[in-house]
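Chemist: The structure file my_file.pdb (PDB, C-alpha atoms) is provided below.
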ATOM      1  CA  MET F   1       0.947 -15.758  24.574
ATOM      2  CA  ILE F   2      -0.623 -12.322  24.341
ATOM      3  CA  ASP F   3      -4.332 -12.051  25.087
ATOM      4  CA  PRO F   4      -5.960 -11.903  21.607
ATOM      5  CA  ARG F   5      -8.520  -9.454  22.965
ATOM      6  CA  LEU F   6      -5.765  -6.836  23.028
ATOM      7  CA  GLN F   7      -5.453  -7.216  19.269
ATOM      8  CA  THR F   8      -9.199  -6.641  18.962
ATOM      9  CA  LEU F   9      -8.842  -3.421  20.932
ATOM     10  CA  ARG F  10      -5.939  -2.275  18.716
ATOM     11  CA  VAL F  11      -7.949  -2.883  15.556
ATOM     12  CA  LEU F  12     -10.962  -1.064  17.014
ATOM     13  CA  HIS F  13      -8.692   1.895  17.732
ATOM     14  CA  THR F  14      -7.749   1.953  14.045
ATOM     15  CA  HIS F  15     -11.211   1.358  12.555
ATOM     16  CA  GLY F  16     -13.438   3.201  15.020
ATOM     17  CA  THR F  17     -16.475   0.903  14.834
ATOM     18  CA  VAL F  18     -17.277  -2.602  16.027
ATOM     19  CA  THR F  19     -18.625  -3.534  12.589
ATOM     20  CA  ALA F  20     -15.457  -2.490  10.772
ATOM     21  CA  THR F  21     -13.317  -4.202  13.401
ATOM     22  CA  ALA F  22     -15.267  -7.431  12.970
ATOM     23  CA  ALA F  23     -14.806  -7.283   9.196
ATOM     24  CA  ALA F  24     -11.052  -6.680   9.533
ATOM     25  CA  LEU F  25     -10.625  -9.620  11.919
ATOM     26  CA  HIS F  26     -13.105 -11.934  10.157
ATOM     27  CA  LEU F  27     -15.239 -12.086  13.292
ATOM     28  CA  THR F  28     -18.877 -11.298  13.974
ATOM     29  CA  PRO F  29     -19.730  -7.951  15.590
ATOM     30  CA  SER F  30     -21.177  -9.807  18.567
ATOM     31  CA  THR F  31     -17.883 -11.661  19.063
ATOM     32  CA  VAL F  32     -15.957  -8.387  18.973
ATOM     33  CA  SER F  33     -18.329  -6.817  21.504
ATOM     34  CA  GLN F  34     -18.076  -9.870  23.745
ATOM     35  CA  GLN F  35     -14.272  -9.845  23.648
ATOM     36  CA  LEU F  36     -14.157  -6.169  24.584
ATOM     37  CA  ARG F  37     -16.633  -6.670  27.438
ATOM     38  CA  GLN F  38     -14.558  -9.568  28.737
ATOM     39  CA  LEU F  39     -11.363  -7.533  28.543
ATOM     40  CA  SER F  40     -13.025  -4.644  30.347
ATOM     41  CA  ALA F  41     -14.305  -6.955  33.082
ATOM     42  CA  ARG F  42     -10.932  -8.613  33.515
ATOM     43  CA  LEU F  43      -9.192  -5.272  33.974
ATOM     44  CA  GLY F  44     -11.974  -3.692  36.009
ATOM     45  CA  LEU F  45     -11.944  -0.644  33.759
ATOM     46  CA  GLU F  46     -14.302   0.912  31.255
ATOM     47  CA  LEU F  47     -12.610   0.698  27.871
ATOM     48  CA  LEU F  48     -15.341   2.137  25.632
ATOM     49  CA  GLU F  49     -17.739   5.034  25.832
ATOM     50  CA  PRO F  50     -20.552   6.027  23.462
ATOM     51  CA  ALA F  51     -19.911   8.744  20.881
ATOM     52  CA  GLY F  52     -23.143   9.201  18.937
ATOM     53  CA  ARG F  53     -23.704   6.029  16.949
ATOM     54  CA  ARG F  54     -20.079   5.014  17.357
ATOM     55  CA  VAL F  55     -17.872   4.227  20.317
ATOM     56  CA  ARG F  56     -14.576   5.729  21.341
ATOM     57  CA  LEU F  57     -11.794   4.477  23.537
ATOM     58  CA  THR F  58     -11.571   5.817  27.077
ATOM     59  CA  PRO F  59      -8.278   7.307  28.313
ATOM     60  CA  ALA F  60      -7.592   3.997  30.050
ATOM     61  CA  ALA F  61      -8.141   2.116  26.786
ATOM     62  CA  LEU F  62      -5.818   4.482  24.891
ATOM     63  CA  ALA F  63      -3.108   3.842  27.485
ATOM     64  CA  LEU F  64      -3.715   0.108  27.130
ATOM     65  CA  VAL F  65      -3.341   0.337  23.331
ATOM     66  CA  GLU F  66       0.107   1.887  23.768
ATOM     67  CA  HIS F  67       1.152  -0.993  25.998
ATOM     68  CA  ALA F  68      -0.403  -3.468  23.561
ATOM     69  CA  ASP F  69       1.644  -1.998  20.698
ATOM     70  CA  ALA F  70       4.798  -2.563  22.759
ATOM     71  CA  LEU F  71       3.728  -6.122  23.646
ATOM     72  CA  PHE F  72       3.048  -7.047  20.035
ATOM     73  CA  LEU F  73       6.407  -5.583  19.014
ATOM     74  CA  ARG F  74       8.155  -7.854  21.521
ATOM     75  CA  TRP F  75       6.032 -10.806  20.375
ATOM     76  CA  GLU F  76       7.091 -10.298  16.766
ATOM     77  CA  GLU F  77      10.717 -10.061  17.912
ATOM     78  CA  ALA F  78      10.338 -13.258  19.946
ATOM     79  CA  ARG F  79       8.909 -15.084  16.943
ATOM     80  CA  ALA F  80      11.865 -13.878  14.883
ATOM     81  CA  ASP F  81      14.357 -15.158  17.461
ATOM     82  CA  LEU F  82      12.637 -18.529  17.762
ATOM     83  CA  ALA F  83      12.392 -18.876  13.997
ATOM     84  CA  GLY F  84      16.171 -18.747  13.904
ATOM     85  CA  TYR F  85      16.228 -22.221  15.467
ATOM     86  CA  ALA F  86      14.206 -23.693  12.629
ATOM     87  CA  ASP F  87      15.895 -25.699   9.905
ATOM     88  CA  GLY F  88      15.704 -23.421   6.879
ATOM     89  CA  VAL F  89      12.817 -21.177   5.890
ATOM     90  CA  ALA F  90       9.366 -22.708   5.759
ATOM     91  CA  GLY F  91       5.782 -21.710   6.425
ATOM     92  CA  ARG F  92       3.613 -19.083   4.784
ATOM     93  CA  LEU F  93       4.300 -15.536   3.630
ATOM     94  CA  ARG F  94       1.446 -13.263   2.528
ATOM     95  CA  ILE F  95       2.269 -10.247   0.391
ATOM     96  CA  THR F  96      -0.231  -7.572  -0.621
ATOM     97  CA  GLY F  97       0.451  -4.703  -2.997
ATOM     98  CA  VAL F  98      -0.839  -2.318  -5.622
ATOM     99  CA  ALA F  99      -1.156  -3.651  -9.173
ATOM    100  CA  THR F 100       1.968  -2.017 -10.625
ATOM    101  CA  ALA F 101       4.005  -3.197  -7.632
ATOM    102  CA  ILE F 102       2.858  -6.760  -8.348
ATOM    103  CA  THR F 103       3.892  -6.329 -11.975
ATOM    104  CA  GLY F 104       7.213  -4.651 -11.299
ATOM    105  CA  VAL F 105       8.646  -6.197  -8.142
ATOM    106  CA  ILE F 106       6.356  -8.605  -6.259
ATOM    107  CA  ALA F 107       5.885 -11.219  -8.993
ATOM    108  CA  PRO F 108       9.620 -11.367  -9.871
ATOM    109  CA  ALA F 109      10.545 -11.456  -6.176
ATOM    110  CA  VAL F 110       8.137 -14.288  -5.391
ATOM    111  CA  ALA F 111       9.285 -16.257  -8.430
ATOM    112  CA  ARG F 112      12.803 -16.109  -6.984
ATOM    113  CA  LEU F 113      11.573 -17.140  -3.532
ATOM    114  CA  ARG F 114       9.696 -20.130  -4.963
ATOM    115  CA  ALA F 115      12.890 -21.318  -6.653
ATOM    116  CA  GLU F 116      15.123 -20.768  -3.617
ATOM    117  CA  LEU F 117      12.738 -21.754  -0.822
ATOM    118  CA  PRO F 118      10.356 -24.504  -1.982
ATOM    119  CA  ARG F 119       9.076 -25.023   1.589
ATOM    120  CA  LEU F 120       7.889 -21.423   1.818
ATOM    121  CA  ALA F 121       4.317 -20.953   0.572
ATOM    122  CA  VAL F 122       3.859 -17.395  -0.683
ATOM    123  CA  GLU F 123       0.438 -15.857  -1.315
ATOM    124  CA  ILE F 124       0.038 -12.640  -3.350
ATOM    125  CA  GLY F 125      -3.007 -10.361  -3.254
ATOM    126  CA  GLU F 126      -3.802  -6.997  -4.791
ATOM    127  CA  ASP F 127      -6.593  -6.165  -2.310
ATOM    128  CA  PRO F 128      -7.566  -2.930  -4.108
ATOM    129  CA  ASP F 129     -10.480  -2.043  -1.833
ATOM    130  CA  VAL F 130      -8.721  -2.590   1.495
ATOM    131  CA  ASN F 131      -6.304  -0.438   3.460
ATOM    132  CA  ARG F 132      -3.167  -2.575   3.287
ATOM    133  CA  PHE F 133      -1.809  -1.260   6.579
ATOM    134  CA  GLU F 134      -4.985  -2.529   8.210
ATOM    135  CA  LEU F 135      -4.364  -5.947   6.655
ATOM    136  CA  LEU F 136      -0.953  -5.954   8.332
ATOM    137  CA  LEU F 137      -2.376  -4.887  11.662
ATOM    138  CA  ALA F 138      -5.089  -7.551  11.524
ATOM    139  CA  GLY F 139      -2.520 -10.240  10.736
ATOM    140  CA  ARG F 140      -3.980 -10.932   7.294
ATOM    141  CA  ALA F 141      -0.793  -9.931   5.461
ATOM    142  CA  ASP F 142       2.901 -10.063   6.332
ATOM    143  CA  ILE F 143       4.317  -7.579   3.802
ATOM    144  CA  ALA F 144       2.468  -4.717   2.117
ATOM    145  CA  VAL F 145       4.004  -2.920  -0.849
ATOM    146  CA  VAL F 146       2.263   0.433  -0.895
ATOM    147  CA  ILE F 147       2.612   3.882  -2.396
ATOM    148  CA  VAL F 148       3.616   6.675  -0.071
ATOM    149  CA  ALA F 149       0.498   8.826   0.055
ATOM    150  CA  GLU F 150      -1.274  11.348   2.209
ATOM    151  CA  GLY F 151      -3.023   9.758   5.170
ATOM    152  CA  ALA F 152      -0.696   6.748   5.427
ATOM    153  CA  PRO F 153       0.935   5.911   8.763
ATOM    154  CA  ALA F 154       3.986   8.051   9.471
ATOM    155  CA  PRO F 155       7.414   6.461   8.890
ATOM    156  CA  ASP F 156       7.997   6.369  12.655
ATOM    157  CA  ASP F 157       4.608   4.786  13.454
ATOM    158  CA  ALA F 158       5.191   2.398  16.361
ATOM    159  CA  ARG F 159       3.179  -0.378  14.707
ATOM    160  CA  PHE F 160       5.035  -0.672  11.396
ATOM    161  CA  VAL F 161       8.444  -0.697   9.759
ATOM    162  CA  GLN F 162       8.474   0.908   6.309
ATOM    163  CA  ARG F 163      11.397   0.415   3.940
ATOM    164  CA  PRO F 164      11.866   2.101   0.539
ATOM    165  CA  VAL F 165      11.534  -0.290  -2.379
ATOM    166  CA  LEU F 166      11.206   1.564  -5.654
ATOM    167  CA  ALA F 167      10.798   5.030  -7.153
ATOM    168  CA  GLU F 168       8.573   4.808 -10.236
ATOM    169  CA  PRO F 169       8.722   7.661 -12.773
ATOM    170  CA  GLN F 170       5.649   8.897 -14.605
ATOM    171  CA  ASP F 171       5.300   9.336 -18.361
ATOM    172  CA  LEU F 172       2.829  11.292 -20.458
ATOM    173  CA  LEU F 173       0.391   9.206 -22.469
ATOM    174  CA  VAL F 174      -0.707  11.042 -25.637
ATOM    175  CA  PRO F 175      -2.520  10.151 -28.894
ATOM    176  CA  ALA F 176      -0.315   9.016 -31.765
ATOM    177  CA  GLY F 177      -0.937  12.264 -33.679
ATOM    178  CA  HIS F 178      -0.369  14.584 -30.729
ATOM    179  CA  ARG F 179       2.191  17.399 -30.853
ATOM    180  CA  PHE F 180       4.220  15.608 -28.145
ATOM    181  CA  ALA F 181       4.171  12.204 -29.858
ATOM    182  CA  GLY F 182       7.333  12.908 -31.843
ATOM    183  CA  ARG F 183       9.313  13.730 -28.710
ATOM    184  CA  ALA F 184       9.419  10.261 -27.187
ATOM    185  CA  ALA F 185      13.216  10.273 -27.498
ATOM    186  CA  ARG F 186      14.011  13.614 -25.841
ATOM    187  CA  GLY F 187      10.982  14.048 -23.567
ATOM    188  CA  VAL F 188       8.635  16.868 -22.594
ATOM    189  CA  ALA F 189       8.671  19.260 -19.656
ATOM    190  CA  LEU F 190       5.445  19.052 -17.670
ATOM    191  CA  ALA F 191       5.024  22.845 -17.833
ATOM    192  CA  GLU F 192       4.582  22.546 -21.611
ATOM    193  CA  ALA F 193       1.334  20.639 -21.073
ATOM    194  CA  GLY F 194      -0.430  23.373 -19.132
ATOM    195  CA  GLU F 195      -2.968  24.048 -21.900
ATOM    196  CA  GLU F 196      -3.900  20.408 -22.428
ATOM    197  CA  SER F 197      -7.082  18.637 -21.385
ATOM    198  CA  TRP F 198      -6.330  15.901 -18.869
ATOM    199  CA  ILE F 199      -7.728  12.507 -17.936
ATOM    200  CA  ARG F 200      -7.680  11.499 -14.288
ATOM    201  CA  ALA F 201      -6.102   8.098 -14.756
ATOM    202  CA  GLY F 202      -5.572   5.232 -12.359
ATOM    203  CA  ASP F 203      -6.278   5.019  -8.657
ATOM    204  CA  PRO F 204      -7.513   8.436  -7.452
ATOM    205  CA  ALA F 205      -6.079   7.727  -4.009
ATOM    206  CA  ASP F 206      -2.555   8.269  -5.312
ATOM    207  CA  GLN F 207      -2.427   9.006  -9.054
ATOM    208  CA  HIS F 208      -4.762  11.999  -9.007
ATOM    209  CA  ARG F 209      -3.004  13.541  -6.017
ATOM    210  CA  LEU F 210       0.299  13.062  -7.800
ATOM    211  CA  LEU F 211      -1.084  14.795 -10.917
ATOM    212  CA  LEU F 212      -2.378  17.771  -8.940
ATOM    213  CA  THR F 213       0.844  18.149  -6.953
ATOM    214  CA  ALA F 214       3.112  17.856  -9.982
ATOM    215  CA  CYS F 215       1.080  20.269 -12.093
ATOM    216  CA  ALA F 216       0.957  22.786  -9.253
ATOM    217  CA  SER F 217       4.755  22.613  -9.038
ATOM    218  CA  ALA F 218       4.898  23.153 -12.796
ATOM    219  CA  GLY F 219       2.757  26.276 -12.446
ATOM    220  CA  PHE F 220      -0.701  25.245 -13.602
ATOM    221  CA  THR F 221      -3.893  23.454 -12.581
ATOM    222  CA  PRO F 222      -4.809  20.597 -14.947
ATOM    223  CA  ARG F 223      -8.166  20.808 -16.731
ATOM    224  CA  VAL F 224      -9.484  17.343 -15.920
ATOM    225  CA  ARG F 225     -12.324  16.380 -18.269
ATOM    226  CA  HIS F 226     -12.626  12.607 -17.891
ATOM    227  CA  HIS F 227     -11.496   9.853 -15.557
ATOM    228  CA  ALA F 228     -10.925   6.091 -15.634
ATOM    229  CA  VAL F 229      -9.153   3.598 -13.386
ATOM    230  CA  ASP F 230      -8.500   0.678 -15.758
ATOM    231  CA  TRP F 231      -5.485   1.397 -17.977
ATOM    232  CA  SER F 232      -7.158  -0.118 -21.023
ATOM    233  CA  ALA F 233     -10.036   2.360 -20.607
ATOM    234  CA  VAL F 234      -7.540   5.178 -20.043
ATOM    235  CA  ALA F 235      -5.675   4.286 -23.236
ATOM    236  CA  ALA F 236      -8.935   4.239 -25.193
ATOM    237  CA  LEU F 237      -9.834   7.733 -23.968
ATOM    238  CA  VAL F 238      -6.381   9.060 -24.839
ATOM    239  CA  ALA F 239      -6.386   7.372 -28.266
ATOM    240  CA  HIS F 240      -9.709   9.014 -29.136
ATOM    241  CA  GLY F 241      -8.459  12.478 -28.233
ATOM    242  CA  PHE F 242     -10.262  13.064 -24.943
ATOM    243  CA  GLY F 243      -7.084  14.229 -23.218
ATOM    244  CA  ILE F 244      -3.636  13.243 -22.070
ATOM    245  CA  CYS F 245      -2.630  11.725 -18.751
ATOM    246  CA  LEU F 246       0.170  10.712 -16.452
ATOM    247  CA  VAL F 247       0.904   6.988 -16.630
ATOM    248  CA  PRO F 248       3.194   5.112 -14.230
ATOM    249  CA  ARG F 249       6.233   3.563 -15.902
ATOM    250  CA  LEU F 250       5.153   0.101 -14.720
ATOM    251  CA  ALA F 251       1.522   0.386 -15.820
ATOM    252  CA  PRO F 252       0.768  -1.714 -18.918
ATOM    253  CA  VAL F 253      -0.764   0.086 -21.881
ATOM    254  CA  PRO F 254      -2.511  -2.145 -24.473
ATOM    255  CA  GLU F 255      -0.660  -2.101 -27.794
ATOM    256  CA  ARG F 256      -3.876  -2.054 -29.811
ATOM    257  CA  TYR F 257      -4.428   1.636 -29.073
ATOM    258  CA  PRO F 258      -2.624   4.330 -31.112
ATOM    259  CA  VAL F 259      -1.027   6.057 -28.134
ATOM    260  CA  VAL F 260       2.549   7.074 -27.329
ATOM    261  CA  ARG F 261       4.418   7.144 -24.015
ATOM    262  CA  VAL F 262       6.502  10.274 -23.753
ATOM    263  CA  PRO F 263       8.997  10.583 -20.882
ATOM    264  CA  LEU F 264       8.974  13.748 -18.796
ATOM    265  CA  CYS F 265      12.133  15.788 -18.428
ATOM    266  CA  GLY F 266      13.242  18.782 -16.393
ATOM    267  CA  GLU F 267      11.611  19.715 -13.119
ATOM    268  CA  PRO F 268       9.307  18.721 -11.570
ATOM    269  CA  LEU F 269       9.518  15.011 -12.312
ATOM    270  CA  PRO F 270       6.485  13.280 -10.745
ATOM    271  CA  VAL F 271       7.455  10.004  -9.104
ATOM    272  CA  ARG F 272       5.511   7.389  -7.161
ATOM    273  CA  ARG F 273       7.483   5.992  -4.243
ATOM    274  CA  PHE F 274       6.847   2.448  -3.051
ATOM    275  CA  VAL F 275       7.624   1.178   0.427
ATOM    276  CA  ALA F 276       7.478  -2.321   1.858
ATOM    277  CA  ALA F 277       5.676  -2.211   5.203
ATOM    278  CA  VAL F 278       5.641  -4.939   7.854
ATOM    279  CA  ARG F 279       4.517  -5.198  11.445
ATOM    280  CA  ARG F 280       7.260  -3.731  13.610
ATOM    281  CA  GLY F 281       9.361  -6.541  15.012
ATOM    282  CA  SER F 282       8.434  -9.054  12.289
ATOM    283  CA  GLU F 283      11.154  -7.897   9.886
ATOM    284  CA  ARG F 284      13.634 -10.370  11.430
ATOM    285  CA  GLN F 285      11.397 -13.410  11.004
ATOM    286  CA  PRO F 286      13.074 -15.541   8.305
ATOM    287  CA  PRO F 287      10.120 -15.638   5.846
ATOM    288  CA  VAL F 288       9.548 -11.879   6.151
ATOM    289  CA  ALA F 289      13.258 -11.072   6.020
ATOM    290  CA  ARG F 290      13.715 -13.204   2.887
ATOM    291  CA  GLY F 291      10.642 -11.628   1.330
ATOM    292  CA  LEU F 292      11.959  -8.108   1.955
ATOM    293  CA  ALA F 293      15.349  -9.071   0.544
ATOM    294  CA  ALA F 294      13.748 -10.538  -2.581
ATOM    295  CA  LEU F 295      11.727  -7.349  -3.103
ATOM    296  CA  ARG F 296      14.877  -5.224  -2.822
ATOM    297  CA  THR F 297      16.662  -7.432  -5.342
ATOM    298  CA  ALA F 298      13.772  -7.270  -7.817
ATOM    299  CA  ALA F 299      13.557  -3.498  -7.409
ATOM    300  CA  GLY F 300      17.315  -3.144  -7.946
ATOM    301  CA  GLU F 301      17.121  -5.157 -11.154
ATOM    302  CA  ARG F 302      14.204  -3.043 -12.332
ATOM    303  CA  GLU F 303      16.050   0.220 -11.608
ATOM    304  CA  ALA F 304      19.179  -1.078 -13.344
ATOM    305  CA  LYS F 305      17.067  -1.445 -16.484
ATOM    306  CA  GLY F 306      15.818   2.139 -16.130
ATOM    307  CA  VAL F 307      12.423   0.957 -14.768
TER     308      VAL F 307
END
Can you present the structure in this file as C-alpha cells?
Modeler:
Amino acid sequence: MIDPRLQTLRVLHTHGTVTATAAALHLTPSTVSQQLRQLSARLGLELLEPAGRRVRLTPAALALVEHADALFLRWEEARADLAGYADGVAGRLRITGVATAITGVIAPAVARLRAELPRLAVEIGEDPDVNRFELLLAGRADIAVVIVAEGAPAPDDARFVQRPVLAEPQDLLVPAGHRFAGRAARGVALAEAGEESWIRAGDPADQHRLLLTACASAGFTPRVRHHAVDWSAVAALVAHGFGICLVPRLAPVPERYPVVRVPLCGEPLPVRRFVAAVRRGSERQPPVARGLAALRTAAGEREAKGV
C-alpha cells in the first residue's frame, strides 16, 4: 500500500494551502499539517517552507511529488489488473460532470450500466462549485466529464487520462419576433449578429470564453448587456428583448418562453468539447472501463441524432 501521506502532499501541491487541501480530502487542517510533519520526519527532509501566509513545496518535496505521481499510476494499474480476477463488475463508480453532460450523455450511460451491471452502484454528481479534476485527484470521483477550457490540465498531464466524448454545437437563442427567428431552418452566420446586444449566458468559466472567442473569430466584440447562469432566467431575458445569446445544443430551454433556437452556419462554428477524465492508470479498472465505454456509446447515439 502507498503511504496515504503522499496523497496529501500531492493534493497540497495542487491546492497550495493546508485549508484547501483539508477541504478536498475531507480532513481537518490540523490532520493535514500532522500528516505532512510526519512525512517530513520520516524522510528527514523539509518538505514545506513559508511563503507569506501560505506554504510552498521545497525542491525535495517537488521531486517527491513526481515520484508519488508515478507510484499512484502504478497503483491504479495494479488495481486494474487485480480487478480482472473478480467475477464480473461490482463495486462503486462515481461520475461527476457539467449539467449538459449529465443531460446528454451521463444519465443515458448510467441507465445502461444499471441495466447491464446490477452489482455496480453508480453515483452521479454535478458538483458545480468544485474543480472536477481536483475531485479525481482527491479520490472523490472516478470519472469527470468536463469541458475543455483554459486552465484545465494539459492532455499529457501525468496525473490524468482525458478522452474525447462529445462535441456540442451552439445555437443562437433569439426572441420569437427577432429578425433571425424565421431562419431556424437555414441558420445564421455568427458574423451577421455583430450589431446585436448579447446576454452572457450559462457558466462564465466556459460559455463566456466561448462567446468571446467565437465572436472575435467572426470579426466583432459582442456588446454584453446582461448575464444569467440559469437557462430559465436566460430564456426570460431573451424573450423580453434584452439581447440574444449562445445556447448549447444540450441545454434545455423552457417552452413557456417565446424564444427560438436558430442554428449557426458557416465559419466559425462555436463548439463545446467534452472529455472524460480519469486518474491515469485507472482506465483499465472494470468499473471505470465500463463507465467510459457507456459514455462513448451514449455520445455516439447522441451524435447520430445530430445532437
Chemist: With only C-alpha atoms as the counted atoms, please give the residues lying no more than 10 Å from Ser33 (chain F), apart from itself and same-chain residues fewer than 6 positions off, as an MDAnalysis selection string.
Modeler: chainID F and resid 8 18:19 21:22 39
Chemist: Would you save the residues from that selection as a PDB file, keeping the file's coordinate frame, using C-alpha atoms?
Modeler:
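Contents of result.pdb, freshly written:
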ATOM      1  CA  THR F   8      -9.199  -6.641  18.962  1.00  0.00           C
ATOM      2  CA  VAL F  18     -17.277  -2.602  16.027  1.00  0.00           C
ATOM      3  CA  THR F  19     -18.625  -3.534  12.589  1.00  0.00           C
ATOM      4  CA  THR F  21     -13.317  -4.202  13.401  1.00  0.00           C
ATOM      5  CA  ALA F  22     -15.267  -7.431  12.970  1.00  0.00           C
ATOM      6  CA  LEU F  39     -11.363  -7.533  28.543  1.00  0.00           C
TER       7      LEU F  39
END
Chemist: Select, from F:Ala78, F:Ala115, F:Ala99, F:Leu64, the residue with the minimum atom-to-atom distance to Leu9 (chain F), counting only C-alpha atoms.
Modeler: F:Leu64
Chemist: Counting all atoms listed in the file, which of F:Arg280, F:Arg249, F:His26, F:His13 gets nearest to Asp156 (chain F)?
Modeler: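 Checking each of F:Arg280, F:Arg249, F:His26, F:His13 against Asp156 (chain F), counting all atoms listed in the file, the winner is F:Arg280.
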Chemist: Interatomic distance between CA of Ala41 (chain F) and CA of Arg279 (chain F)?
Modeler: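 CA of Ala41 (chain F) sits 28.7 Å away from CA of Arg279 (chain F).
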Chemist: Could you expand the PyMOL selection byres ((chain F and resi 230-235) around 8) into the explicit residues it covers here, written as a compact mmCIF listing (two decimals) with C-alpha atoms, in the coordinates of the input?
Modeler:
# COMPACT_ATOMS: atom_id res chain seq x y z
CA LEU F 173 0.39 9.21 -22.47
CA ILE F 199 -7.73 12.51 -17.94
CA ALA F 201 -6.10 8.10 -14.76
CA GLY F 202 -5.57 5.23 -12.36
CA HIS F 227 -11.50 9.85 -15.56
CA ALA F 228 -10.92 6.09 -15.63
CA VAL F 229 -9.15 3.60 -13.39
CA ALA F 236 -8.94 4.24 -25.19
CA LEU F 237 -9.83 7.73 -23.97
CA VAL F 238 -6.38 9.06 -24.84
CA ALA F 239 -6.39 7.37 -28.27
CA ALA F 251 1.52 0.39 -15.82
CA PRO F 252 0.77 -1.71 -18.92
CA VAL F 253 -0.76 0.09 -21.88
CA PRO F 254 -2.51 -2.14 -24.47
CA TYR F 257 -4.43 1.64 -29.07
CA VAL F 259 -1.03 6.06 -28.13
Chemist: Ranking F:Ala149, F:Ala60, F:Val262, F:Ala218 by minimum distance to Gly182 (chain F) and counting all atoms listed in the file, which one comes first?
Modeler: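 Selected residue with least distance to Gly182 (chain F): F:Val262.
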Chemist: I'd like the interatomic distance between CA of Glu134 (chain F) and CA of Leu93 (chain F), to a tenth of an Å.
Modeler: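 About the pair CA of Glu134 (chain F) and CA of Leu93 (chain F): they are 16.6 Å apart.
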Chemist: Identify, on the basis of all atoms listed in the file, every residue whose closest approach to Leu45 (chain F) does not exceed 12 Å; exclude the query and any residue fewer than 2 positions from it along the same chain; express the result as a VMD selection string.
Modeler: chain F and resid 36 to 43 47 to 49 57 to 64
Chemist: Got a sec: who's within 9 Å of Glu77 (chain F), counting all atoms listed in the file, leaving out chain neighbours fewer than 3 positions off, as JSON, numbers by chain?
Modeler: {"F": [72, 73, 74, 80, 81, 82, 280, 281, 282, 283, 284, 285]}
Chemist: Mind giving me the straight-line distance from CA of Gly194 (chain F) to CA of Glu168 (chain F) in Å, one decimal?
Modeler: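 It comes out at 22.5 Å.
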Chemist: My list of candidates is F:Arg183, F:Arg112, F:His178, F:His240. Which is closest to Gly291 (chain F) when distances are computed with all atoms listed in the file?
Modeler: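 Ranking F:Arg183, F:Arg112, F:His178, F:His240 by distance to Gly291 (chain F), first place goes to F:Arg112.
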Chemist: Evaluate the PyMOL selection byres ((chain F and resi 105) around 12) on the structure here and hand back the selected residues as a ChimeraX atom specification.
Modeler: /F:95-104,106-112,124,145-146,165-168,250,274-276,291-303,307
Chemist: Could you check which residues have any atom within 12 Å of (12.3, 12.7, -29.6), counting all atoms listed in the file with coordinates taken straight from the file, and then list them as a PDB file with C-alpha atoms, keeping the file's coordinate frame?
Modeler:
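Contents of the output file part-v7.pdb:
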ATOM      1  CA  ARG F 179       2.191  17.399 -30.853  1.00  0.00           C
ATOM      2  CA  PHE F 180       4.220  15.608 -28.145  1.00  0.00           C
ATOM      3  CA  ALA F 181       4.171  12.204 -29.858  1.00  0.00           C
ATOM      4  CA  GLY F 182       7.333  12.908 -31.843  1.00  0.00           C
ATOM      5  CA  ARG F 183       9.313  13.730 -28.710  1.00  0.00           C
ATOM      6  CA  ALA F 184       9.419  10.261 -27.187  1.00  0.00           C
ATOM      7  CA  ALA F 185      13.216  10.273 -27.498  1.00  0.00           C
ATOM      8  CA  ARG F 186      14.011  13.614 -25.841  1.00  0.00           C
ATOM      9  CA  GLY F 187      10.982  14.048 -23.567  1.00  0.00           C
ATOM     10  CA  VAL F 188       8.635  16.868 -22.594  1.00  0.00           C
ATOM     11  CA  VAL F 260       2.549   7.074 -27.329  1.00  0.00           C
ATOM     12  CA  ARG F 261       4.418   7.144 -24.015  1.00  0.00           C
ATOM     13  CA  VAL F 262       6.502  10.274 -23.753  1.00  0.00           C
ATOM     14  CA  PRO F 263       8.997  10.583 -20.882  1.00  0.00           C
ATOM     15  CA  LEU F 264       8.974  13.748 -18.796  1.00  0.00           C
ATOM     16  CA  CYS F 265      12.133  15.788 -18.428  1.00  0.00           C
TER      17      CYS F 265
END
Chemist: Could you pull the residues within 10 Å of Ala121 (chain F), counting only C-alpha atoms, minus those fewer than 5 positions along the same chain, as number ranges by chain?
Modeler: F: 90-94, 110, 113-114, 287
Chemist: For each of F:Ala289, F:Ala214, F:Leu117, F:Ala176, take the minimum atom-to-atom distance to Arg163 (chain F), counting all atoms listed in the file, then give the residue where this is smallest.
Modeler: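 Among the listed residues, the smallest separation from Arg163 (chain F) belongs to F:Ala289.
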Chemist: Of the candidates F:Arg159, F:Lys305, F:Arg272, F:Arg140, which one gets nearest to Thr14 (chain F) if we count only C-alpha atoms?
Modeler: F:Arg159
Chemist: Taking 3 positions as the minimum chain separation for residues in the same chain, which residues sit within 10 Å of Glu195 (chain F) when counting all atoms listed in the file? Answer as a ChimeraX atom specification.
Modeler: /F:191-192,198,220-223
Chemist: Would you compute an axis-aligned box for region 65-77 of chain F, covering every atom listed for it in the file with 6 Å of margin on each side, and report centre and edge lengths in Å to one decimal as AutoDock Vina command-line options?
Modeler:
--center_x 3.7 --center_y -4.5 --center_z 21.4 --size_x 26.1 --size_y 24.7 --size_z 21.2
Chemist: For this structure, which residues satisfy the selection - the PyMOL selection byres ((chain F and resi 270) around 9) - when it is evaluated on the file as given? I want them as a PyMOL selection string.
Modeler: chain F and resi 168-171+210-211+213-215+246+264+267-269+271-272
Chemist: Some atoms are missing, so please complete region 103-107 of chain F with N, CA and C atoms and return it as an mmCIF file, in the frame of the given file.
Modeler:
data_model
loop_
_atom_site.group_PDB
_atom_site.id
_atom_site.type_symbol
_atom_site.label_atom_id
_atom_site.label_comp_id
_atom_site.auth_asym_id
_atom_site.auth_seq_id
_atom_site.Cartn_x
_atom_site.Cartn_y
_atom_site.Cartn_z
ATOM 1 N N THR F 103 3.268 -6.170 -10.666
ATOM 2 C CA THR F 103 3.892 -6.329 -11.975
ATOM 3 C C THR F 103 5.402 -6.127 -11.907
ATOM 4 N N GLY F 104 5.815 -5.054 -11.227
ATOM 5 C CA GLY F 104 7.213 -4.651 -11.299
ATOM 6 C C GLY F 104 8.147 -5.359 -10.348
ATOM 7 N N VAL F 105 7.700 -5.644 -9.119
ATOM 8 C CA VAL F 105 8.646 -6.197 -8.142
ATOM 9 C C VAL F 105 8.129 -7.437 -7.403
ATOM 10 N N ILE F 106 6.832 -7.492 -7.086
ATOM 11 C CA ILE F 106 6.356 -8.605 -6.259
ATOM 12 C C ILE F 106 6.417 -9.928 -7.014
ATOM 13 N N ALA F 107 5.882 -9.959 -8.235
ATOM 14 C CA ALA F 107 5.885 -11.219 -8.993
ATOM 15 C C ALA F 107 7.306 -11.721 -9.241
#
